[in-house]
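For reference, entry-v3.cif is printed below; it contains mmCIF, C-alpha atoms.
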```
data_model
#
loop_
_atom_site.label_atom_id
_atom_site.label_comp_id
_atom_site.auth_asym_id
_atom_site.auth_seq_id
_atom_site.Cartn_x
_atom_site.Cartn_y
_atom_site.Cartn_z
CA MET P 220 30.59 70.40 17.88
CA LYS P 221 33.97 68.69 18.12
CA ARG P 222 34.68 65.78 15.80
CA LEU P 223 37.22 62.96 15.92
CA ILE P 224 38.37 61.66 12.53
CA PHE P 225 39.41 58.09 13.26
CA SER P 226 41.30 56.37 10.44
CA GLU P 227 44.45 54.25 10.29
CA ILE P 228 45.02 55.49 6.72
CA PHE P 229 46.00 59.15 6.61
CA PRO P 230 48.88 61.10 5.02
CA PRO P 231 51.75 60.82 4.69
CA ARG P 232 50.75 57.18 4.34
CA LYS P 233 49.75 56.53 0.74
CA GLY P 234 46.14 55.73 -0.02
CA GLY P 235 43.20 57.34 -1.78
CA SER P 236 40.94 57.24 1.28
CA GLY P 237 43.53 58.93 3.49
CA ARG P 238 44.03 61.66 0.92
CA TRP P 239 40.24 62.12 0.76
CA PHE P 240 40.03 62.63 4.53
CA TYR P 241 42.97 65.04 4.55
CA GLU P 242 41.59 67.17 1.71
CA VAL P 243 38.17 67.44 3.38
CA TYR P 244 39.06 67.92 7.03
CA SER P 245 42.10 70.15 6.46
CA ARG P 246 39.65 72.69 5.00
CA LEU P 247 37.53 72.67 8.17
CA SER P 248 38.26 74.45 11.44
CA LYS P 249 41.32 73.14 13.26
CA GLU P 250 39.75 73.80 16.68
CA ASN P 251 36.76 71.51 16.05
CA HIS P 252 38.54 68.57 14.40
CA ILE P 253 41.06 66.09 15.76
CA VAL P 254 42.55 63.28 13.68
CA CYS P 255 43.39 59.97 15.35
CA THR P 256 45.50 57.92 12.96
CA GLY P 257 48.35 55.41 12.74
CA TYR P 258 52.09 55.79 12.69
CA CYS P 259 53.91 55.79 9.35
CA GLU P 260 57.19 56.85 7.82
CA GLY P 261 57.53 60.64 7.69
CA ASP P 262 54.63 61.30 10.04
CA ASN P 263 56.48 63.71 12.35
CA ALA P 264 57.48 66.01 9.49
CA PHE P 265 53.95 65.89 8.03
CA ASP P 266 52.23 66.56 11.35
CA SER P 267 54.43 69.56 12.09
CA THR P 268 53.50 71.35 8.86
CA CYS P 269 49.96 70.24 7.91
CA GLY P 270 48.15 72.59 10.27
CA MET P 271 45.86 69.92 11.77
CA ASN P 272 45.45 68.47 15.26
CA ILE P 273 46.79 64.92 14.83
CA ILE P 274 47.19 62.19 17.44
CA ARG P 275 49.11 59.09 16.35
CA LEU P 276 48.52 55.63 17.86
CA ASN P 277 49.53 52.11 16.96
CA LEU P 278 46.43 51.15 14.95
CA SER P 279 47.93 48.16 13.17
CA MET P 280 45.59 45.16 13.39
CA PRO P 281 46.48 41.93 11.57
CA GLU P 282 43.23 40.33 12.83
CA TRP P 283 39.90 42.14 12.38
CA GLY P 284 37.70 39.61 14.13
CA LEU P 285 37.07 39.06 17.83
CA LYS P 286 37.51 35.28 17.88
CA SER P 287 41.32 35.37 17.99
CA PHE P 288 43.13 36.43 21.15
CA ARG P 289 45.33 38.80 19.08
CA GLY P 290 42.33 40.57 17.58
CA LEU P 291 40.51 40.89 20.90
CA LYS P 292 43.64 42.21 22.60
CA ASP P 293 44.20 44.86 19.88
CA TYR P 294 40.58 46.03 20.03
CA ILE P 295 40.73 46.44 23.81
CA ARG P 296 44.03 48.34 23.57
CA ILE P 297 42.79 50.75 20.88
CA PHE P 298 39.37 51.14 22.54
CA PHE P 299 40.88 52.50 25.77
CA HIS P 300 43.25 54.85 23.90
CA VAL P 301 40.45 56.31 21.76
CA ARG P 302 38.01 56.54 24.65
CA LYS P 303 40.63 58.52 26.60
CA ILE P 304 40.98 60.95 23.68
CA ILE P 305 37.20 61.37 23.46
CA LYS P 306 36.92 62.23 27.15
CA LYS P 307 39.92 64.55 27.21
CA GLU P 308 38.93 66.45 24.04
CA MET P 309 35.17 66.37 24.75
CA ILE P 310 34.41 64.81 21.37
CA SER P 311 30.75 64.94 20.31
CA SER P 312 30.91 62.68 17.23
CA ILE P 313 33.31 60.28 15.49
CA HIS P 314 33.90 60.14 11.74
CA CYS P 315 35.16 56.64 11.09
CA GLY P 316 37.45 56.04 8.09
CA ARG P 317 36.49 52.38 7.67
CA SER P 318 33.81 50.10 9.08
CA MET P 319 36.47 47.53 10.02
CA PRO P 320 38.47 47.59 12.15
CA GLU P 321 37.98 51.23 13.21
CA GLY P 322 34.20 51.00 13.07
CA LEU P 323 34.03 48.26 15.68
CA VAL P 324 35.90 50.49 18.13
CA CYS P 325 33.42 53.30 17.36
CA TYR P 326 30.49 50.93 17.89
CA LEU P 327 31.76 49.92 21.35
CA ILE P 328 32.42 53.54 22.31
CA SER P 329 28.96 54.60 21.16
CA LYS P 330 27.38 51.91 23.34
CA LEU P 331 29.33 52.88 26.45
CA SER P 332 29.79 56.64 26.00
CA LYS P 333 26.78 57.52 23.80
CA VAL P 334 29.03 59.26 21.25
CA PRO P 335 27.49 58.84 17.75
CA TYR P 336 29.54 57.90 14.71
CA LEU P 337 29.35 57.85 10.94
CA CYS P 338 31.20 55.42 8.66
CA TYR P 339 32.93 55.95 5.35
CA VAL P 340 32.60 53.12 2.81
CA HIS P 341 34.92 52.78 -0.19
CA GLY P 342 33.26 49.84 -1.96
CA GLU P 343 35.95 47.19 -2.17
CA GLU P 344 35.94 46.27 1.55
CA ILE P 345 32.52 44.59 1.35
CA ALA P 346 33.98 41.76 -0.75
CA THR P 347 36.58 41.20 1.98
CA TYR P 348 33.92 40.90 4.67
CA GLU P 349 31.92 38.37 2.65
CA HIS P 350 34.73 35.82 2.98
CA SER P 351 34.04 35.63 6.73
CA ARG P 352 30.73 35.10 8.50
CA GLU P 353 32.17 36.83 11.56
CA LEU P 354 33.13 39.95 9.59
CA VAL P 355 29.75 40.01 7.85
CA PHE P 356 28.00 39.91 11.22
CA LEU P 357 30.24 42.56 12.79
CA SER P 358 30.22 44.93 9.81
CA LYS P 359 26.42 44.84 9.47
CA LEU P 360 26.12 45.51 13.19
CA ILE P 361 28.43 48.53 12.81
CA PHE P 362 26.50 49.89 9.82
CA ARG P 363 23.12 49.49 11.50
CA GLU P 364 24.24 51.30 14.65
CA SER P 365 25.96 54.13 12.77
CA LYS P 366 24.15 57.44 12.40
CA ALA P 367 25.18 57.76 8.74
CA ILE P 368 27.11 55.94 6.01
CA ILE P 369 29.10 57.96 3.48
CA VAL P 370 29.98 56.22 0.21
CA ASN P 371 32.36 57.45 -2.49
CA SER P 372 30.20 56.71 -5.54
CA ASN P 373 26.75 55.63 -6.68
CA ASN P 374 28.27 52.23 -7.45
CA SER P 375 29.35 51.89 -3.81
CA LYS P 376 25.85 52.96 -2.78
CA GLU P 377 24.35 50.10 -4.80
CA ILE P 378 26.75 47.68 -3.12
CA MET P 379 25.65 48.93 0.30
CA LEU P 380 21.95 48.79 -0.60
CA ASN P 381 22.40 45.10 -1.41
CA TYR P 382 24.52 44.47 1.69
CA VAL P 383 22.41 46.34 4.28
CA PRO P 384 19.11 47.25 2.58
CA ASP P 385 17.63 48.34 5.91
CA CYS P 386 20.23 51.17 6.05
CA LYS P 387 18.93 52.82 2.88
CA GLU P 388 17.92 56.11 4.50
CA LYS P 389 21.31 56.71 6.12
CA ILE P 390 23.48 56.18 2.98
CA HIS P 391 24.86 59.36 1.38
CA VAL P 392 27.12 59.80 -1.67
CA LEU P 393 30.10 62.16 -1.44
CA ASN P 394 32.65 61.88 -4.25
CA PRO P 395 36.35 62.31 -3.61
CA GLY P 396 37.90 65.11 -5.65
CA VAL P 397 41.03 66.98 -6.59
CA ASP P 398 42.84 70.24 -5.87
CA SER P 399 42.61 71.87 -9.30
CA SER P 400 44.97 74.64 -8.22
CA TYR P 401 47.69 71.99 -7.87
CA PHE P 402 46.78 69.35 -10.45
CA SER P 403 46.72 71.30 -13.70
CA PRO P 404 47.92 70.96 -17.29
CA ALA P 405 51.50 71.85 -18.25
CA PRO P 406 53.20 72.25 -21.64
CA PHE P 407 55.38 69.53 -23.12
CA ASP P 408 58.74 69.65 -21.32
CA PRO P 409 61.59 67.71 -22.98
CA MET P 410 63.86 68.13 -19.96
CA ILE P 411 61.36 66.57 -17.57
CA ARG P 412 60.60 63.76 -20.00
CA LYS P 413 64.32 63.10 -20.40
CA LYS P 414 64.74 63.01 -16.61
CA HIS P 415 62.12 60.24 -16.35
CA GLY P 416 63.44 58.31 -19.36
CA TRP P 417 60.45 59.31 -21.48
CA TYR P 418 62.06 61.43 -24.18
CA GLY P 419 61.09 60.25 -27.66
CA ARG P 420 58.53 57.80 -26.27
CA LYS P 421 54.74 57.58 -26.31
CA VAL P 422 54.01 57.20 -22.59
CA VAL P 423 50.98 55.42 -21.15
CA LEU P 424 50.77 55.94 -17.37
CA THR P 425 49.10 54.11 -14.47
CA VAL P 426 49.18 55.33 -10.87
CA GLY P 427 48.02 53.25 -7.92
CA ARG P 428 48.78 50.40 -5.58
CA LEU P 429 49.86 47.25 -7.41
CA GLN P 430 46.76 45.12 -6.85
CA LYS P 431 45.23 42.63 -9.24
CA ARG P 432 42.01 44.63 -9.62
CA LYS P 433 43.98 47.60 -11.02
CA GLY P 434 44.70 45.62 -14.22
CA HIS P 435 48.43 46.31 -14.61
CA ASP P 436 48.94 42.74 -15.87
CA TYR P 437 46.39 43.00 -18.68
CA THR P 438 47.73 46.43 -19.63
CA ILE P 439 51.27 45.02 -19.91
CA THR P 440 49.85 42.27 -22.15
CA ALA P 441 47.98 44.89 -24.20
CA ILE P 442 51.12 46.98 -24.66
CA SER P 443 52.96 43.88 -25.91
CA LYS P 444 50.33 43.58 -28.66
CA ILE P 445 50.81 47.11 -29.97
CA LYS P 446 54.56 47.64 -29.65
CA LYS P 447 55.10 46.77 -33.33
CA GLU P 448 52.77 49.56 -34.38
CA PHE P 449 54.20 51.91 -31.74
CA PRO P 450 57.84 50.81 -31.27
CA ASP P 451 58.49 53.89 -29.09
CA ILE P 452 55.69 53.10 -26.61
CA LEU P 453 56.42 52.99 -22.88
CA TYR P 454 54.10 51.81 -20.12
CA SER P 455 55.09 53.62 -16.91
CA ILE P 456 53.76 52.36 -13.57
CA ILE P 457 53.80 54.41 -10.37
CA GLY P 458 53.05 52.52 -7.16
CA ASP P 459 54.05 49.55 -5.07
CA GLY P 460 52.23 46.52 -3.74
CA GLU P 461 51.83 42.78 -3.56
CA GLU P 462 51.60 42.29 -7.34
CA LEU P 463 55.09 43.71 -8.05
CA PRO P 464 56.98 40.36 -8.28
CA TYR P 465 54.31 38.91 -10.58
CA LEU P 466 54.23 42.00 -12.80
CA LYS P 467 58.02 42.04 -13.15
CA ASP P 468 58.00 38.33 -13.98
CA LEU P 469 55.24 38.86 -16.56
CA THR P 470 57.21 41.72 -18.11
CA LYS P 471 60.23 39.43 -18.44
CA GLN P 472 58.19 36.54 -19.86
CA LEU P 473 56.77 38.82 -22.58
CA ASN P 474 60.20 40.33 -23.34
CA MET P 475 58.79 43.73 -22.41
CA GLU P 476 61.64 45.10 -20.27
CA LYS P 477 62.22 47.92 -22.81
CA TYR P 478 58.55 48.85 -22.82
CA VAL P 479 57.53 48.70 -19.13
CA GLN P 480 58.91 51.03 -16.45
CA PHE P 481 58.38 50.43 -12.73
CA ILE P 482 58.85 53.75 -10.93
CA GLY P 483 57.56 52.57 -7.54
CA GLU P 484 56.30 54.96 -4.87
CA THR P 485 57.29 58.55 -5.53
CA ASP P 486 57.03 62.05 -4.12
CA ASP P 487 54.23 64.48 -4.97
CA LYS P 488 56.40 66.58 -7.31
CA THR P 489 57.37 63.58 -9.44
CA LEU P 490 53.78 62.33 -9.46
CA LEU P 491 52.53 65.67 -10.76
CA GLU P 492 55.23 65.79 -13.45
CA CYS P 493 54.26 62.30 -14.62
CA TYR P 494 50.58 63.18 -14.86
CA GLN P 495 51.42 66.34 -16.81
CA GLN P 496 53.95 64.81 -19.20
CA CYS P 497 52.39 61.42 -20.04
CA ASP P 498 50.49 61.01 -23.32
CA LEU P 499 47.63 58.89 -21.99
CA PHE P 500 46.45 57.65 -18.59
CA ILE P 501 44.97 54.19 -17.99
CA LEU P 502 43.45 52.33 -15.06
CA ALA P 503 42.32 49.02 -16.53
CA ASN P 504 40.44 48.04 -13.38
CA ARG P 505 38.40 44.85 -13.27
CA ASN P 506 36.32 42.85 -10.82
CA VAL P 507 38.45 40.21 -9.08
CA ASN P 508 36.21 37.99 -6.93
CA GLY P 509 34.19 41.00 -5.82
CA ASP P 510 37.22 43.25 -5.28
CA ILE P 511 36.43 46.40 -7.26
CA GLU P 512 37.64 49.96 -7.70
CA GLY P 513 35.21 52.03 -5.64
CA PHE P 514 35.83 55.33 -7.43
CA GLY P 515 39.30 56.01 -8.88
CA MET P 516 40.78 59.31 -7.70
CA VAL P 517 43.80 58.87 -9.97
CA LEU P 518 41.50 59.18 -12.98
CA VAL P 519 40.26 62.52 -11.65
CA GLU P 520 43.82 63.75 -11.05
CA ALA P 521 44.90 62.74 -14.56
CA GLN P 522 41.95 64.52 -16.17
CA CYS P 523 42.67 67.62 -14.11
CA CYS P 524 46.15 67.56 -15.65
CA GLY P 525 44.54 67.64 -19.10
CA LYS P 526 44.96 63.97 -20.00
CA ALA P 527 42.59 61.61 -21.78
CA VAL P 528 41.88 58.55 -19.64
CA ILE P 529 40.93 54.91 -20.12
CA ALA P 530 39.24 52.93 -17.33
CA GLY P 531 37.66 49.53 -16.86
CA ASP P 532 33.90 49.06 -16.77
CA SER P 533 33.69 47.69 -13.22
CA GLY P 534 33.19 49.57 -9.96
CA GLY P 535 32.67 53.31 -9.84
CA THR P 536 35.27 54.53 -12.34
CA LYS P 537 32.67 55.60 -14.91
CA GLU P 538 31.56 58.23 -12.39
CA THR P 539 34.96 59.94 -12.59
CA MET P 540 34.54 60.97 -16.25
CA ILE P 541 32.21 61.71 -19.13
CA PRO P 542 32.57 58.56 -21.26
CA CYS P 543 33.55 59.24 -24.89
CA LYS P 544 34.11 62.94 -24.10
CA THR P 545 36.85 62.96 -21.46
CA GLY P 546 37.88 59.32 -21.65
CA MET P 547 36.90 55.76 -22.52
CA ILE P 548 35.28 52.99 -20.49
CA VAL P 549 36.37 49.57 -21.79
CA ASP P 550 36.04 45.88 -21.02
CA SER P 551 39.26 45.37 -19.08
CA GLU P 552 38.80 41.61 -18.84
CA GLN P 553 40.24 41.40 -22.37
CA PRO P 554 43.78 42.60 -23.16
CA ASP P 555 42.85 42.83 -26.86
CA VAL P 556 40.13 45.38 -26.06
CA ILE P 557 42.55 47.37 -23.89
CA ALA P 558 45.11 47.33 -26.71
CA GLU P 559 42.52 48.54 -29.21
CA SER P 560 41.45 51.43 -26.97
CA ILE P 561 45.06 52.54 -26.45
CA LEU P 562 45.70 52.39 -30.20
CA THR P 563 42.52 54.34 -30.96
CA LEU P 564 43.65 57.27 -28.84
CA LEU P 565 47.38 57.23 -29.57
CA LYS P 566 46.64 57.32 -33.30
CA ASP P 567 44.46 60.42 -32.93
CA ASP P 568 46.40 63.36 -31.47
CA GLN P 569 43.42 65.67 -31.93
CA LYS P 570 41.19 63.35 -29.90
CA LEU P 571 43.81 63.12 -27.16
CA VAL P 572 43.93 66.90 -26.93
CA SER P 573 40.15 67.44 -27.02
CA MET P 574 39.51 64.75 -24.42
CA GLY P 575 42.19 66.26 -22.21
CA GLU P 576 40.67 69.73 -22.49
CA ASN P 577 37.18 68.39 -21.80
CA GLY P 578 38.45 66.42 -18.82
CA TYR P 579 40.15 69.44 -17.27
CA LYS P 580 36.98 71.48 -17.58
CA TRP P 581 34.77 68.65 -16.26
CA VAL P 582 36.89 68.11 -13.15
CA ARG P 583 37.26 71.80 -12.32
CA GLU P 584 33.50 72.30 -12.52
CA ASN P 585 32.37 69.12 -10.78
CA LEU P 586 35.11 67.48 -8.71
CA ASP P 587 37.20 70.29 -7.25
CA TRP P 588 37.70 69.94 -3.50
CA ASN P 589 36.40 73.41 -2.69
CA SER P 590 32.95 72.69 -4.11
CA LEU P 591 32.89 69.13 -2.75
CA VAL P 592 33.83 70.29 0.74
CA LYS P 593 30.86 72.69 0.74
CA LYS P 594 28.57 69.73 0.04
CA THR P 595 30.27 67.83 2.85
CA ILE P 596 29.80 70.66 5.34
CA ASP P 597 26.12 70.92 4.41
CA LEU P 598 25.67 67.16 4.87
CA PHE P 599 27.40 67.15 8.28
CA ALA P 600 25.15 70.04 9.35
CA ASP P 601 22.01 68.19 8.22
CA LEU P 602 23.12 65.02 10.02
CA LYS P 603 24.19 66.97 13.13
CA LEU P 604 27.36 64.87 13.19
#
```

Show me this structure written as structure tokens.
Amino acid sequence: MKRLIFSEIFPPRKGGSGRWFYEVYSRLSKENHIVCTGYCEGDNAFDSTCGMNIIRLNLSMPEWGLKSFRGLKDYIRIFFHVRKIIKKEMISSIHCGRSMPEGLVCYLISKLSKVPYLCYVHGEEIATYEHSRELVFLSKLIFRESKAIIVNSNNSKEIMLNYVPDCKEKIHVLNPGVDSSYFSPAPFDPMIRKKHGWYGRKVVLTVGRLQKRKGHDYTITAISKIKKEFPDILYSIIGDGEELPYLKDLTKQLNMEKYVQFIGETDDKTLLECYQQCDLFILANRNVNGDIEGFGMVLVEAQCCGKAVIAGDSGGTKETMIPCKTGMIVDSEQPDVIAESILTLLKDDQKLVSMGENGYKWVRENLDWNSLVKKTIDLFADLKL
């Protein structure tokens, strides 16, 4: 059986879903898997060393519907490119990274070429579809014609059961995970902390795209409420995105320039160092008009580096941890509650350490890629996809 993994988002492009696909399919046989993905900065260097069969196309699509001429034109263009790959490589099934826009291409191919497909669902995209009757119609059509739907959490499963209840039997949960041989605890390193401007500071870290649902704004507000009690506190933010101008403006308004650090996008080495050397990790995610955090891979990575974590009580983040044992789930709609949770942990070094140790053990035993990939292989075999 030869599979095509069809996803615009794939390394070296940043994104949790792309990393998920890479970690799973890079562990499967190269001969039986081909990745069709989009162009991005650094792709040539990545493709030459990753050990996978990768075909890059222009998969950028500003319009996901069929009503606009631009959208229709892009779908036709991508359809013929992908269909050519399927014929040339004798593909027997397609694993689709998203239901839209990739899933619509897979749907059309399945109708004309009888090649079955499965769809990955990440949770937050359903809220996007619900703003458009056309996208609701198309996405439900794609889900109903798919042979299987893979969701990243039980929370995403509940969302899908409400969205397409008639697809209940084809929905399967596969959690994203972490490479515990890479993400691992490290001792306190004053030189590394000095390099990042962290020496002598209590560092609270967030990693992820700068989107409103990630809660960076409320965390900045929370940090402003506790800086008197912890005058050496620093909130370090790794990531880039549409919220950056607003977050920088908020930081200035609250006179928090000394307490908030915007690192931006960074390389893997720096990311690992930041996970290992921070004092506490937070993802104060919240529900913003239906936009939720489907799972939260960064919480898993932080725990695997031996760090206590704080996450919001929306979406699937509670499935990444053991609440009260490896981290805390809090109401992230209220900056005061976020501030209180940060204070609770920063005041208790023993609790920080024990939560970090518990988190490392929990992730290694339950969310390591090697064990998760075995579950994935078994599922693919059962589905015959």

Find the residue from P:Leu463, P:Ile253, P:Ile541, P:Val517 that sits nearest to P:Gly235; use all atoms listed in the file when measuring.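 Among the listed residues, P:Val517 lies closest to P:Gly235.
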
Rank P:Asn394, P:Thr470, P:Thr489, P:Thr440 by their smallest atom-to-atom distance to P:Lys414, using all atoms listed in the file, and report the top residue only. P:Thr489

Would you compute the box with edges along x, y and z of the file around stretch 357-372 of chain P, including every atom the file lists for it and 3 Å extra on each side, and give its centre and edge lengths in Å to one decimal, as JSON?
```
{"center_x": 27.7, "center_y": 50.3, "center_z": 4.6, "size_x": 15.2, "size_y": 21.4, "size_z": 26.2}
```

Residues within 9 Å of P:Asn577, please, as number ranges by chain. Count only C-alpha atoms; anything in the same chain fewer than 6 positions from it doesn't count. P: 522, 525, 527, 541, 544-545

So that I have them on file, write out the residues from the current selection with C-alpha atoms, as a PDB file, keeping the file's coordinate frame.
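Okay, this is what ended up in part_29.pdb:
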```
ATOM      1  CA  GLN P 522      41.950  64.520 -16.170  1.00  0.00           C
ATOM      2  CA  GLY P 525      44.540  67.640 -19.100  1.00  0.00           C
ATOM      3  CA  ALA P 527      42.590  61.610 -21.780  1.00  0.00           C
ATOM      4  CA  ILE P 541      32.210  61.710 -19.130  1.00  0.00           C
ATOM      5  CA  LYS P 544      34.110  62.940 -24.100  1.00  0.00           C
ATOM      6  CA  THR P 545      36.850  62.960 -21.460  1.00  0.00           C
TER       7      THR P 545
END
```

Given all atoms listed in the file as the counted atoms, nearest of P:Val528, P:Ile368, P:Cys497, P:Ile452 to P:Lys477: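 Checking each candidate against P:Lys477, we get P:Ile452 as the closest.
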
Check what the PyMOL selection byres ((chain P and resi 526) around 9) selects in the file above and give those residues as a list in words.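 After applying the PyMOL selection byres ((chain P and resi 526) around 9), what remains is Pro404, Tyr494, Gln495, Cys497, Asp498, Leu499, Phe500, Ala521, Gln522, Cys523, Cys524, Gly525, Ala527, Val528, Thr545, Gly546, Leu571, Val572, Met574, Gly575, Glu576, Gly578 and Tyr579 of chain P.
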
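Atom pair atom CA of P:Ser590 / atom CA of P:Cys315 has a distance of 22.2 Å (rounded to one decimal).
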
Selection dump of the PyMOL selection byres ((chain P and resi 274-280) around 8), as a PyMOL selection string: chain P and resi 227+253-258+272-273+281-283+290+293+297+320

Given the PyMOL selection byres ((chain P and resi 431) around 9) and the file above, list the residues it selects as a ChimeraX atom specification. /P:429-430,432-436,461-462,504-505,507,510

Only C-alpha atoms, as an mmCIF file, in the first residue's frame: that is what I want for stretch 305-372 of chain P.
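selection38.cif was written with the following content:
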```cif
data_model
loop_
_atom_site.group_PDB
_atom_site.id
_atom_site.type_symbol
_atom_site.label_atom_id
_atom_site.label_comp_id
_atom_site.auth_asym_id
_atom_site.auth_seq_id
_atom_site.Cartn_x
_atom_site.Cartn_y
_atom_site.Cartn_z
ATOM 1 C CA ILE P 305 -1.246 9.763 -7.717
ATOM 2 C CA LYS P 306 -1.097 8.183 -11.166
ATOM 3 C CA LYS P 307 2.685 8.337 -11.477
ATOM 4 C CA GLU P 308 3.351 6.956 -7.976
ATOM 5 C CA MET P 309 0.430 4.477 -8.013
ATOM 6 C CA ILE P 310 -0.976 5.860 -4.768
ATOM 7 C CA SER P 311 -3.591 3.665 -3.072
ATOM 8 C CA SER P 312 -4.784 6.088 -0.362
ATOM 9 C CA ILE P 313 -4.460 9.761 0.620
ATOM 10 C CA HIS P 314 -3.895 11.015 4.160
ATOM 11 C CA CYS P 315 -5.208 14.558 4.148
ATOM 12 C CA GLY P 316 -3.716 17.076 6.606
ATOM 13 C CA ARG P 317 -6.820 19.282 6.736
ATOM 14 C CA SER P 318 -10.406 18.994 5.552
ATOM 15 C CA MET P 319 -10.144 22.399 3.857
ATOM 16 C CA PRO P 320 -8.716 23.179 1.430
ATOM 17 C CA GLU P 321 -6.751 19.935 0.922
ATOM 18 C CA GLY P 322 -9.745 17.739 1.701
ATOM 19 C CA LEU P 323 -11.808 19.127 -1.153
ATOM 20 C CA VAL P 324 -9.071 18.145 -3.608
ATOM 21 C CA CYS P 325 -9.054 14.644 -2.079
ATOM 22 C CA TYR P 326 -12.840 14.439 -2.366
ATOM 23 C CA LEU P 327 -12.740 15.275 -6.085
ATOM 24 C CA ILE P 328 -9.919 12.797 -6.701
ATOM 25 C CA SER P 329 -11.766 10.057 -4.839
ATOM 26 C CA LYS P 330 -14.839 10.603 -7.013
ATOM 27 C CA LEU P 331 -12.906 10.470 -10.279
ATOM 28 C CA SER P 332 -10.068 8.054 -9.467
ATOM 29 C CA LYS P 333 -11.637 5.954 -6.682
ATOM 30 C CA VAL P 334 -8.660 6.613 -4.372
ATOM 31 C CA PRO P 335 -9.907 6.673 -0.733
ATOM 32 C CA TYR P 336 -8.816 9.307 1.758
ATOM 33 C CA LEU P 337 -8.787 10.001 5.467
ATOM 34 C CA CYS P 338 -8.863 13.458 7.073
ATOM 35 C CA TYR P 339 -7.023 14.847 10.061
ATOM 36 C CA VAL P 340 -8.995 17.273 12.261
ATOM 37 C CA HIS P 341 -7.303 19.618 14.736
ATOM 38 C CA GLY P 342 -10.382 21.123 16.402
ATOM 39 C CA GLU P 343 -10.090 24.848 15.811
ATOM 40 C CA GLU P 344 -10.904 24.756 12.071
ATOM 41 C CA ILE P 345 -14.570 23.876 12.667
ATOM 42 C CA ALA P 346 -15.213 27.344 14.119
ATOM 43 C CA THR P 347 -13.769 28.847 10.922
ATOM 44 C CA TYR P 348 -16.122 26.826 8.727
ATOM 45 C CA GLU P 349 -19.167 27.862 10.744
ATOM 46 C CA HIS P 350 -18.749 31.473 9.615
ATOM 47 C CA SER P 351 -19.598 30.406 6.050
ATOM 48 C CA ARG P 352 -22.537 28.327 4.842
ATOM 49 C CA GLU P 353 -20.482 27.318 1.814
ATOM 50 C CA LEU P 354 -17.601 26.014 3.947
ATOM 51 C CA VAL P 355 -20.013 24.187 6.254
ATOM 52 C CA PHE P 356 -21.586 22.453 3.253
ATOM 53 C CA LEU P 357 -18.241 21.569 1.644
ATOM 54 C CA SER P 358 -16.544 20.410 4.849
ATOM 55 C CA LYS P 359 -19.446 18.143 5.844
ATOM 56 C CA LEU P 360 -19.431 16.674 2.341
ATOM 57 C CA ILE P 361 -15.694 15.974 2.675
ATOM 58 C CA PHE P 362 -16.085 14.354 6.097
ATOM 59 C CA ARG P 363 -18.990 12.160 5.009
ATOM 60 C CA GLU P 364 -17.129 10.875 1.952
ATOM 61 C CA SER P 365 -13.873 10.245 3.827
ATOM 62 C CA LYS P 366 -13.046 6.702 4.919
ATOM 63 C CA ALA P 367 -11.857 7.882 8.349
ATOM 64 C CA ILE P 368 -11.448 11.027 10.451
ATOM 65 C CA ILE P 369 -8.489 11.304 12.814
ATOM 66 C CA VAL P 370 -8.788 13.839 15.644
ATOM 67 C CA ASN P 371 -6.046 14.995 18.003
ATOM 68 C CA SER P 372 -7.991 14.813 21.275
#
```
